[in-house]
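> My file is upload_10.txt. It has compact mmCIF, C-alpha atoms:
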# COMPACT_ATOMS: atom_id res chain seq x y z
CA MET A 1 92.48 -68.19 -29.36
CA ALA A 2 94.33 -70.76 -27.23
CA VAL A 3 96.67 -67.97 -26.08
CA ALA A 4 93.68 -65.92 -24.88
CA PHE A 5 92.61 -68.88 -22.73
CA GLU A 6 96.21 -69.39 -21.53
CA VAL A 7 96.50 -72.86 -23.03
CA PRO A 8 100.20 -73.82 -23.17
CA MET A 9 101.54 -73.98 -26.71
CA SER A 10 103.08 -77.36 -25.96
CA LYS A 11 99.54 -78.70 -25.44
CA VAL A 12 98.34 -77.08 -28.68
CA VAL A 13 101.15 -78.79 -30.60
CA ALA A 14 100.46 -82.14 -28.93
CA VAL A 15 96.73 -82.01 -29.69
CA PHE A 16 97.18 -81.17 -33.35
CA GLU A 17 99.87 -83.80 -33.73
CA GLU A 18 97.31 -86.27 -32.36
CA PHE A 19 94.36 -85.07 -34.45
CA GLY A 20 96.17 -83.83 -37.56
CA SER A 21 95.66 -86.96 -39.65
CA ALA A 22 91.98 -87.12 -38.65
CA ILE A 23 91.37 -83.47 -39.53
CA PHE A 24 93.22 -83.81 -42.84
CA PRO A 25 93.15 -87.51 -43.87
CA PHE A 26 95.92 -88.38 -46.29
CA HIS A 27 94.99 -88.52 -49.94
CA GLU A 28 97.32 -88.96 -52.87
CA PRO A 29 96.95 -85.89 -55.10
CA PRO A 30 96.00 -86.97 -58.63
CA THR A 31 98.59 -86.28 -61.32
CA SER A 32 96.74 -87.02 -64.57
CA LYS A 33 94.20 -84.66 -66.13
CA VAL A 34 91.52 -87.33 -65.82
CA GLY A 35 92.35 -87.89 -62.16
CA LYS A 36 92.32 -84.17 -61.43
CA GLY A 37 88.98 -83.83 -63.19
CA ILE A 38 87.47 -86.68 -61.18
CA ASP A 39 88.80 -85.22 -57.93
CA LEU A 40 87.35 -81.80 -58.77
CA TRP A 41 83.97 -83.29 -59.69
CA ARG A 42 83.87 -85.44 -56.56
CA HIS A 43 84.14 -82.38 -54.32
CA SER A 44 82.23 -79.93 -56.50
CA ARG A 45 79.14 -80.09 -54.28
CA LYS A 46 80.60 -80.76 -50.84
CA PRO A 47 83.65 -79.78 -48.80
CA ARG A 48 86.63 -82.07 -48.80
CA TYR A 49 86.80 -82.63 -45.04
CA SER A 50 84.50 -83.08 -42.05
CA THR A 51 84.66 -80.56 -39.20
CA LYS A 52 83.99 -83.21 -36.55
CA PRO A 53 87.67 -84.07 -35.87
CA LEU A 54 88.55 -80.36 -35.80
CA ARG A 55 85.80 -79.66 -33.27
CA GLU A 56 87.07 -82.53 -31.12
CA ALA A 57 90.61 -81.17 -31.26
CA ILE A 58 89.53 -77.67 -30.26
CA ALA A 59 87.45 -79.09 -27.39
CA LYS A 60 90.63 -80.78 -26.09
CA LEU A 61 92.15 -77.31 -25.71
CA ILE A 62 89.17 -75.16 -24.70
CA ASP A 63 86.14 -76.41 -22.77
CA LYS A 64 83.31 -77.12 -25.20
CA ASP A 65 80.93 -74.93 -23.19
CA ALA A 66 83.33 -72.02 -22.67
CA THR A 67 82.26 -68.71 -24.19
CA LEU A 68 84.36 -65.80 -25.38
CA ASN A 69 83.48 -64.18 -22.07
CA ASP A 70 85.59 -66.86 -20.36
CA ALA A 71 88.78 -65.85 -22.17
CA LYS A 72 91.49 -64.59 -19.81
CA HIS A 73 92.79 -62.01 -22.29
CA ALA A 74 91.22 -59.76 -24.89
CA VAL A 75 91.09 -61.42 -28.29
CA ALA A 76 89.80 -60.60 -31.79
CA ILE A 77 88.96 -63.44 -34.21
CA PRO A 78 88.31 -62.58 -37.89
CA ALA A 79 85.71 -64.42 -39.96
CA VAL A 80 83.47 -63.68 -42.95
CA ASN A 81 79.74 -63.45 -42.26
CA VAL A 82 78.40 -64.85 -45.53
CA THR A 83 74.80 -64.52 -44.33
CA GLN A 84 75.13 -60.75 -44.09
CA GLY A 85 77.86 -60.47 -46.72
CA ARG A 86 80.51 -58.68 -44.66
CA PRO A 87 83.70 -59.32 -42.71
CA GLN A 88 83.24 -59.75 -38.99
CA VAL A 89 85.62 -59.82 -36.05
CA PHE A 90 84.48 -61.82 -33.02
CA LYS A 91 85.69 -60.14 -29.85
CA THR A 92 85.82 -60.60 -26.13
CA ARG A 93 83.86 -57.96 -24.28
CA HIS A 94 86.76 -55.62 -23.68
CA LYS A 95 84.36 -52.71 -24.05
CA ALA A 96 81.21 -52.67 -21.95
CA GLU A 97 78.86 -51.73 -24.79
CA TRP A 98 79.77 -54.80 -26.85
CA THR A 99 76.98 -57.31 -26.31
CA ARG A 100 77.04 -59.32 -29.54
CA ASP A 101 79.82 -61.90 -29.17
CA TRP A 102 80.45 -62.62 -25.50
CA LYS A 103 77.81 -65.37 -25.26
CA PHE A 104 79.12 -67.31 -28.28
CA LYS A 105 80.92 -70.56 -27.57
CA ALA A 106 84.64 -70.37 -28.22
CA VAL A 107 84.58 -73.68 -30.10
CA ASP A 108 81.97 -72.36 -32.54
CA VAL A 109 83.94 -69.16 -33.12
CA ALA A 110 87.10 -71.20 -33.75
CA LEU A 111 85.26 -73.28 -36.36
CA ALA A 112 83.97 -70.09 -37.99
CA THR A 113 87.42 -68.61 -38.47
CA ALA A 114 88.70 -71.99 -39.75
CA ALA A 115 85.88 -72.65 -42.26
CA ALA A 116 88.10 -72.50 -45.33
CA PRO A 117 86.08 -72.66 -48.57
CA THR A 118 86.13 -76.10 -50.25
CA PHE A 119 87.94 -77.58 -47.21
CA PHE A 120 85.27 -77.34 -44.49
CA GLU A 121 81.57 -76.63 -44.30
CA LEU A 122 80.35 -73.16 -43.40
CA ALA A 123 80.14 -72.65 -39.64
CA GLU A 124 76.99 -71.45 -37.92
CA VAL A 125 77.21 -69.01 -35.02
CA GLY A 126 74.29 -67.06 -33.63
CA GLY A 127 72.02 -67.79 -36.60
CA ASN A 128 74.57 -66.66 -39.22
CA LEU A 129 76.88 -68.65 -41.49
CA TYR A 130 80.60 -67.96 -41.56
CA ALA A 131 83.63 -68.68 -43.73
CA ASP A 132 87.34 -68.55 -42.93
CA GLY A 133 88.58 -65.15 -41.72
CA GLY A 134 91.69 -65.73 -43.82
CA LEU A 135 89.66 -64.58 -46.83
CA PHE A 136 90.29 -61.01 -45.67
CA ALA A 137 92.67 -61.26 -42.70
CA ASN A 138 94.89 -64.31 -43.10
CA SER A 139 97.52 -62.29 -41.29
CA PRO A 140 95.47 -60.45 -38.62
CA ASP A 141 98.24 -58.08 -37.54
CA LEU A 142 96.32 -55.07 -38.87
CA VAL A 143 93.26 -56.15 -36.87
CA ALA A 144 95.37 -56.20 -33.70
CA LEU A 145 96.90 -52.80 -34.43
CA HIS A 146 93.49 -51.23 -35.13
CA GLU A 147 92.02 -52.77 -31.97
CA ALA A 148 94.80 -51.36 -29.82
CA GLU A 149 94.71 -47.87 -31.34
CA HIS A 150 91.00 -47.37 -31.91
CA PHE A 151 89.29 -49.25 -29.07
CA PHE A 152 91.97 -49.32 -26.36
CA ALA A 153 93.22 -45.81 -27.22
CA VAL A 154 96.83 -46.95 -26.92
CA PRO A 155 99.34 -44.54 -28.53
CA VAL A 156 101.14 -46.13 -31.46
CA GLU A 157 104.46 -45.54 -29.67
CA ALA A 158 103.35 -47.96 -26.94
CA ILE A 159 102.27 -50.78 -29.28
CA ARG A 160 104.46 -53.80 -29.95
CA ILE A 161 103.41 -56.74 -32.11
CA LEU A 162 104.93 -60.20 -32.27
CA SER A 163 103.48 -61.90 -35.34
CA VAL A 164 103.82 -65.69 -35.50
CA GLY A 165 103.73 -67.20 -38.98
CA THR A 166 103.14 -70.72 -40.25
CA THR A 167 106.07 -71.29 -42.62
CA THR A 168 104.91 -68.60 -45.01
CA ASN A 169 106.04 -69.28 -48.55
CA SER A 170 105.99 -66.69 -51.31
CA TYR A 171 103.99 -68.15 -54.15
CA SER A 172 104.72 -67.61 -57.82
CA VAL A 173 103.53 -69.16 -61.06
CA SER A 174 105.89 -70.35 -63.75
CA PHE A 175 105.56 -68.99 -67.29
CA ALA A 176 105.49 -72.62 -68.40
CA ALA A 177 102.02 -72.92 -66.83
CA GLY A 178 100.67 -70.53 -69.44
CA ARG A 179 98.26 -67.62 -69.12
CA GLN A 180 94.88 -69.12 -69.93
CA PHE A 181 93.95 -70.15 -66.38
CA GLY A 182 90.44 -71.50 -65.88
CA ILE A 183 88.67 -72.80 -62.79
CA ALA A 184 90.52 -76.09 -62.79
CA ASP A 185 93.90 -74.36 -63.21
CA TRP A 186 93.33 -71.99 -60.30
CA MET A 187 92.06 -74.82 -58.06
CA GLU A 188 94.95 -77.14 -58.99
CA ASP A 189 97.42 -77.50 -56.13
CA GLN A 190 95.41 -74.82 -54.27
CA ARG A 191 96.89 -72.07 -56.45
CA LEU A 192 94.12 -69.58 -55.70
CA PHE A 193 94.43 -69.96 -51.95
CA SER A 194 98.22 -69.93 -52.02
CA VAL A 195 98.35 -66.71 -54.05
CA THR A 196 95.78 -65.03 -51.78
CA ILE A 197 97.50 -66.05 -48.55
CA SER A 198 100.99 -65.13 -49.74
CA ALA A 199 99.97 -61.75 -51.16
CA GLN A 200 97.99 -60.82 -48.04
CA GLN A 201 100.82 -61.75 -45.70
CA GLN A 202 103.49 -59.80 -47.58
CA PHE A 203 101.26 -56.73 -47.92
CA VAL A 204 100.31 -56.66 -44.23
CA ASP A 205 103.92 -57.27 -43.23
CA GLN A 206 105.03 -54.18 -45.17
CA LEU A 207 102.27 -51.97 -43.76
CA ILE A 208 102.92 -52.96 -40.14
CA GLN A 209 106.68 -52.57 -40.53
CA HIS A 210 106.19 -49.05 -41.87
CA ARG A 211 103.84 -48.22 -38.99
CA LEU A 212 105.67 -49.77 -36.04
CA GLN A 213 109.22 -50.16 -37.38
CA ASP A 214 111.33 -52.00 -34.77
CA ARG A 215 108.29 -52.53 -32.53
CA TYR A 216 107.05 -55.20 -34.95
CA PHE A 217 108.66 -58.59 -35.42
CA ARG A 218 107.51 -61.37 -37.72
CA LEU A 219 108.55 -64.80 -36.42
CA ASP A 220 108.46 -67.12 -39.42
CA HIS A 221 110.62 -69.27 -41.64
CA GLU A 222 110.25 -69.83 -45.36
CA PRO A 223 110.73 -73.53 -46.13
CA SER A 224 113.22 -74.78 -48.65
CA GLN A 225 112.03 -75.97 -52.05
CA GLU A 226 112.18 -79.60 -50.91
CA GLN A 227 110.39 -78.87 -47.63
CA ALA A 228 107.68 -76.97 -49.48
CA GLN A 229 106.83 -80.16 -51.38
CA ASP A 230 105.90 -81.86 -48.08
CA LEU A 231 103.90 -78.94 -46.69
CA GLY A 232 100.43 -77.76 -47.66
CA LEU A 233 97.24 -76.21 -46.35
CA ASP A 234 95.71 -79.64 -45.75
CA VAL A 235 98.75 -81.88 -45.31
CA ALA A 236 99.27 -83.53 -41.91
CA THR A 237 101.64 -86.38 -42.76
CA GLY A 238 104.54 -87.36 -40.55
CA ALA A 239 106.98 -85.71 -42.95
CA ALA A 240 104.95 -82.48 -42.93
CA LEU A 241 104.92 -82.38 -39.12
CA GLN A 242 108.68 -82.94 -38.96
CA ASP A 243 109.34 -80.26 -41.57
CA ALA A 244 107.06 -77.81 -39.74
CA GLU A 245 108.77 -78.44 -36.41
CA GLY A 246 112.17 -78.06 -38.05
CA ALA A 247 111.11 -74.78 -39.66
CA CYS A 248 109.89 -73.51 -36.29
CA GLY A 249 113.21 -74.32 -34.71
CA GLN A 250 115.14 -72.59 -37.48
CA GLY A 251 112.85 -69.56 -37.36
CA TYR A 252 113.34 -69.11 -33.61
CA ASP A 253 117.09 -69.72 -33.43
CA GLY A 254 119.82 -67.19 -32.89
CA CYS A 255 118.99 -63.61 -33.82
CA ALA A 256 115.24 -64.22 -34.03
CA ARG A 257 115.15 -65.56 -30.47
CA GLN A 258 116.88 -62.44 -29.18
CA GLN A 259 114.62 -60.10 -31.16
CA ALA A 260 111.46 -61.80 -29.91
CA ALA A 261 112.70 -61.77 -26.32
CA THR A 262 113.54 -58.07 -26.53
CA LEU A 263 110.14 -57.29 -28.00
CA LEU A 264 108.34 -59.13 -25.20
CA ASP A 265 110.48 -57.59 -22.44
CA SER A 266 108.48 -54.62 -21.20
CA SER A 267 111.48 -53.23 -19.31
CA ALA A 268 113.38 -52.95 -22.59
CA ALA A 269 110.53 -51.38 -24.55
CA ALA A 270 111.51 -48.07 -26.08
CA GLN A 271 108.41 -46.12 -25.14
CA THR A 272 107.93 -42.43 -24.51
CA GLY A 273 106.86 -41.45 -21.01
CA GLU A 274 103.44 -40.40 -22.26
CA GLY A 275 103.03 -43.56 -24.33
CA ARG A 276 103.95 -45.77 -21.38
CA VAL A 277 101.53 -44.02 -19.04
CA MET A 278 98.69 -44.01 -21.58
CA GLY A 279 99.25 -47.66 -22.41
CA GLU A 280 99.16 -48.65 -18.72
CA ALA A 281 96.06 -46.53 -18.08
CA SER A 282 94.30 -48.12 -21.04
CA ARG A 283 95.23 -51.61 -19.83
CA LEU A 284 93.91 -50.93 -16.32
CA PHE A 285 90.65 -49.49 -17.64
CA ASN A 286 89.83 -51.56 -20.73
CA GLY A 287 91.66 -54.84 -20.14
CA SER A 288 89.76 -58.11 -19.92
CA GLY A 289 91.01 -59.11 -16.46
CA ASP A 290 88.75 -59.20 -13.38
CA GLN A 291 90.65 -56.40 -11.66
CA THR A 292 90.44 -53.82 -14.43
CA LEU A 293 87.84 -51.08 -14.01
CA ILE A 294 85.67 -52.57 -16.75
CA GLY A 295 85.98 -56.03 -15.20
CA ARG A 296 85.04 -54.79 -11.74
CA VAL A 297 81.96 -52.80 -12.74
CA THR A 298 80.55 -55.02 -15.52
CA PRO A 299 77.82 -57.45 -14.38
CA THR A 300 78.58 -61.14 -14.77
CA THR A 301 76.76 -63.39 -17.23
CA GLU A 302 74.70 -64.88 -14.39
CA GLN A 303 73.72 -61.43 -13.12
CA ARG A 304 72.63 -60.26 -16.55
CA GLU A 305 70.58 -63.43 -17.12
CA PHE A 306 68.91 -62.98 -13.71
CA LEU A 307 68.07 -59.36 -14.55
CA GLN A 308 66.63 -60.41 -17.89
CA GLU A 309 64.37 -62.94 -16.14
CA GLN A 310 63.16 -60.26 -13.70
CA TRP A 311 62.56 -57.81 -16.53
CA ASN A 312 60.54 -60.39 -18.47
CA SER A 313 58.47 -61.19 -15.38
CA LEU A 314 57.74 -57.52 -14.68
CA ALA A 315 56.92 -56.79 -18.31
CA ASP A 316 54.49 -59.73 -18.50
CA HIS A 317 52.78 -58.65 -15.27
CA MET A 318 52.34 -55.05 -16.43
CA LYS A 319 51.04 -56.05 -19.86
CA LYS A 320 48.46 -58.37 -18.30
CA ALA A 321 47.38 -55.84 -15.67
CA LEU A 322 47.12 -52.86 -18.03
CA SER A 323 45.61 -54.56 -21.09
CA LYS A 324 42.23 -54.76 -19.34
CA HIS A 325 41.82 -51.03 -19.93
CA GLY A 326 41.04 -51.72 -23.55
CA TYR A 327 44.28 -50.96 -25.36
CA SER A 328 47.12 -53.13 -26.59
CA ILE A 329 50.21 -52.83 -24.42
CA SER A 330 53.81 -52.88 -25.59
CA THR A 331 56.96 -52.93 -23.47
CA TRP A 332 60.44 -51.77 -24.37
CA LEU A 333 63.80 -52.36 -22.76
CA GLN A 334 65.42 -49.00 -22.09
CA GLY A 335 67.99 -47.24 -19.99
CA SER A 336 71.39 -48.55 -18.93
CA TYR A 337 70.48 -52.23 -19.40
CA LYS A 338 69.51 -51.68 -23.04
CA TYR A 339 72.61 -49.65 -23.88
CA ALA A 340 75.00 -51.96 -22.00
CA THR A 341 76.07 -49.22 -19.57
CA LEU A 342 74.68 -51.10 -16.57
CA ILE A 343 77.25 -51.42 -13.78
CA LYS A 344 77.41 -53.36 -10.56
CA PRO A 345 76.06 -51.67 -7.39
CA VAL A 346 78.71 -49.86 -5.37
CA ARG A 347 77.97 -51.65 -2.10
CA THR A 348 77.05 -55.25 -1.34
CA GLY A 349 73.31 -55.71 -0.91
CA GLU A 350 72.31 -52.87 -3.19
CA GLU A 351 70.02 -53.68 -6.09
CA TYR A 352 70.12 -53.01 -9.82
CA ASP A 353 67.78 -50.57 -11.51
CA VAL A 354 66.31 -52.00 -14.73
CA ASP A 355 63.94 -49.71 -16.65
CA VAL A 356 60.84 -51.04 -18.39
CA GLY A 357 59.05 -48.78 -20.87
CA VAL A 358 55.28 -49.29 -21.18
CA TYR A 359 53.32 -48.04 -24.19
CA PHE A 360 49.59 -47.96 -24.95
CA GLU A 361 48.71 -48.64 -28.57
CA TRP A 362 45.63 -47.38 -30.41
CA ASP A 363 44.43 -46.90 -33.96
CA GLN A 364 45.27 -43.35 -35.07
CA SER A 365 42.11 -43.26 -37.23
CA GLN A 366 40.01 -43.37 -34.07
CA ASN A 367 39.36 -40.43 -31.79
CA ALA A 368 41.21 -41.99 -28.93
CA GLU A 369 42.23 -40.29 -25.73
CA PRO A 370 45.83 -40.74 -24.63
CA THR A 371 44.64 -42.21 -21.30
CA PRO A 372 43.17 -45.65 -20.52
CA LYS A 373 39.43 -46.16 -20.44
CA ALA A 374 37.87 -45.87 -17.01
CA THR A 375 36.58 -49.12 -15.60
CA PRO A 376 34.51 -49.75 -12.44
CA GLY A 377 36.71 -49.39 -9.44
CA VAL A 378 39.59 -47.95 -11.46
CA GLY A 379 40.06 -44.23 -11.88
CA SER A 380 41.38 -42.78 -15.12
CA GLY A 381 44.11 -40.21 -15.04
Just dump the structure as structure tokens.

Amino acid sequence: MAVAFEVPMSKVVAVFEEFGSAIFPFHEPPTSKVGKGIDLWRHSRKPRYSTKPLREAIAKLIDKDATLNDAKHAVAIPAVNVTQGRPQVFKTRHKAEWTRDWKFKAVDVALATAAAPTFFELAEVGGNLYADGGLFANSPDLVALHEAEHFFAVPVEAIRILSVGTTTNSYSVSFAAGRQFGIADWMEDQRLFSVTISAQQQFVDQLIQHRLQDRYFRLDHEPSQEQAQDLGLDVATGAALQDAEGACGQGYDGCARQQAATLLDSSAAAQTGEGRVMGEASRLFNGSGDQTLIGRVTPTTEQREFLQEQWNSLADHMKKALSKHGYSISTWLQGSYKYATLIKPVRTGEEYDVDVGVYFEWDQSQNAEPTPKATPGVGSG
């Protein structure tokens, strides 16, 4: 998300180095069965960590009041909507008809996608509760590919993906651990999460490589056995930070640096003429910048809020004026405003057209006429 807001990665690293120990306070993992049992019981009814330090860290990178609509680039953020029981991808409004997510605060969306079960509390966004998007898209490369192909209509030949990992480590279980794994066994040393994350990443990596071939590059480094002992999902010690920085340096050295640079160099992209043209056309039309066609014709947040206020005022006036004819009055938002196809006026000074539907209600069991009752001084028609 920081990339979408054009936050320098050096600042992201600095902030999480500062807040890491507050987000994940150090705790000595218990080694005895009794200690493990006590630790499991202690956190059986509450998450292990508070989200307050994480929220503070995110707010250091992205303004606490910024919404997804303020992002400078299109972005898709996976999460799990546990209220509705389905996966959900929060998105910038890179298509005009999308009206669900653009008002959500970026900080809240970030907490939703980071709400790892047992680690953090469920996040609340827009009246729904969310858990970590890593439960279904820990490696969101497939989400990015689908977004580009399906919603931006970019030909697959014009798509390139640089996937940045976080010292991915293949996870395996020793035969010495046995086969009779219960709840405590799967939760020990975060086995369940480690297996899920590792399996997801490797599977997605294979699928994307088959689809894009040399137009996909995974920038990552698997730590050594000794380094892996210092690293963990919730470890932010000094040794862990040093090992992570060292792994990043090793992952980006030599051949990897050249491959990533080639992938990001548009002049070196091996695209077909049609793919290049279609990709550029899609970017100019659907991109999230102010100068794309969508950006130039889509009303701003302030304009839409002003229109909503005017619509509410008009609807209230009509309901009050017409209800005196003896029937209940209902109003309904319709037209381009309802279906999110409203566009800015062509010339300065022109006004928007917002449609208000007005409906008279009556009991179908009565012999009612489909016109209002006549009242003194008011003709019926």
> Tell me, as number ranges by chain, which residues lie within 8 Å of A:Ala4, counting all atoms listed in the file; anything in the same chain fewer than 6 positions away does not count.
A: 71-75
> Which is closest to A:Ala96 among A:Glu17, A:Phe203, A:Thr300, A:His43, if we use all atoms listed in the file?
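Looking at the shortest contact to A:Ala96, the residue is A:Thr300.
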> Excluding A:Thr196 and residues on its chain fewer than 6 positions from it, collect all residues at most 12 Å away from it, counting only C-alpha atoms, and give them as a PyMOL selection string.
chain A and resi 134-139+168-172+186+190+202-203
> Here is a test: counting all atoms listed in the file, which residue of A:Met1, A:Phe152, A:Trp311, A:Glu188 is nearest to A:Ser32?
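Closest candidate: A:Glu188.
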> Skipping near chain neighbours, those fewer than 2 positions away, what residues fall within 10 Å of A:Thr51 using all atoms listed in the file, listed as a PyMOL selection string?
chain A and resi 22-24+47-49+53-57+111+114-115+119-123
> Would you write out those residues with C-alpha atoms, as a tab-separated table (two decimals), keeping the file's coordinate frame?

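Just written: out.tsv:
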chain	number	residue	atom	x	y	z
A	22	ALA	CA	91.98	-87.12	-38.65
A	23	ILE	CA	91.37	-83.47	-39.53
A	24	PHE	CA	93.22	-83.81	-42.84
A	47	PRO	CA	83.65	-79.78	-48.80
A	48	ARG	CA	86.63	-82.07	-48.80
A	49	TYR	CA	86.80	-82.63	-45.04
A	53	PRO	CA	87.67	-84.07	-35.87
A	54	LEU	CA	88.55	-80.36	-35.80
A	55	ARG	CA	85.80	-79.66	-33.27
A	56	GLU	CA	87.07	-82.53	-31.12
A	57	ALA	CA	90.61	-81.17	-31.26
A	111	LEU	CA	85.26	-73.28	-36.36
A	114	ALA	CA	88.70	-71.99	-39.75
A	115	ALA	CA	85.88	-72.65	-42.26
A	119	PHE	CA	87.94	-77.58	-47.21
A	120	PHE	CA	85.27	-77.34	-44.49
A	121	GLU	CA	81.57	-76.63	-44.30
A	122	LEU	CA	80.35	-73.16	-43.40
A	123	ALA	CA	80.14	-72.65	-39.64
> Using only C-alpha atoms, which residues sit within 12 Å of A:Val204 once same-chain residues fewer than 5 positions away are excluded, as number ranges by chain?
A: 136-145, 163, 197-199, 209-212, 216, 218
> For A:Ala66, which of A:Val80, A:Ala2, A:Met9, A:Val164 is the closest residue, counting all atoms listed in the file?
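The answer is A:Ala2, which sits nearest to A:Ala66.
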> So the first atom is atom CA of A:Gln180 and the second is atom CA of A:Asp234; what is the distance between them in Å, to one decimal place?
26.4 Å
> Could you state the separation of atom CA of A:Thr83 and atom CA of A:Glu124 in Å, given to one decimal place?
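Separation between atom CA of A:Thr83 and atom CA of A:Glu124: 9.7 Å.
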> Restricting the calculation to all atoms listed in the file: of A:Thr31, A:Ala14, A:Asp101, A:Arg93, which residue gets closest to A:Ile58?
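For A:Ile58, the nearest of the candidates is A:Ala14.
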> In Å to one decimal, how far is atom CA of A:Trp102 from atom CA of A:Thr67?
6.5 Å
> Which residues, written as a ChimeraX atom specification, have at least one atom at most 9 Å from A:Phe26, with only C-alpha atoms counted and residues fewer than 5 positions away on the same chain left out?
/A:21,234-237
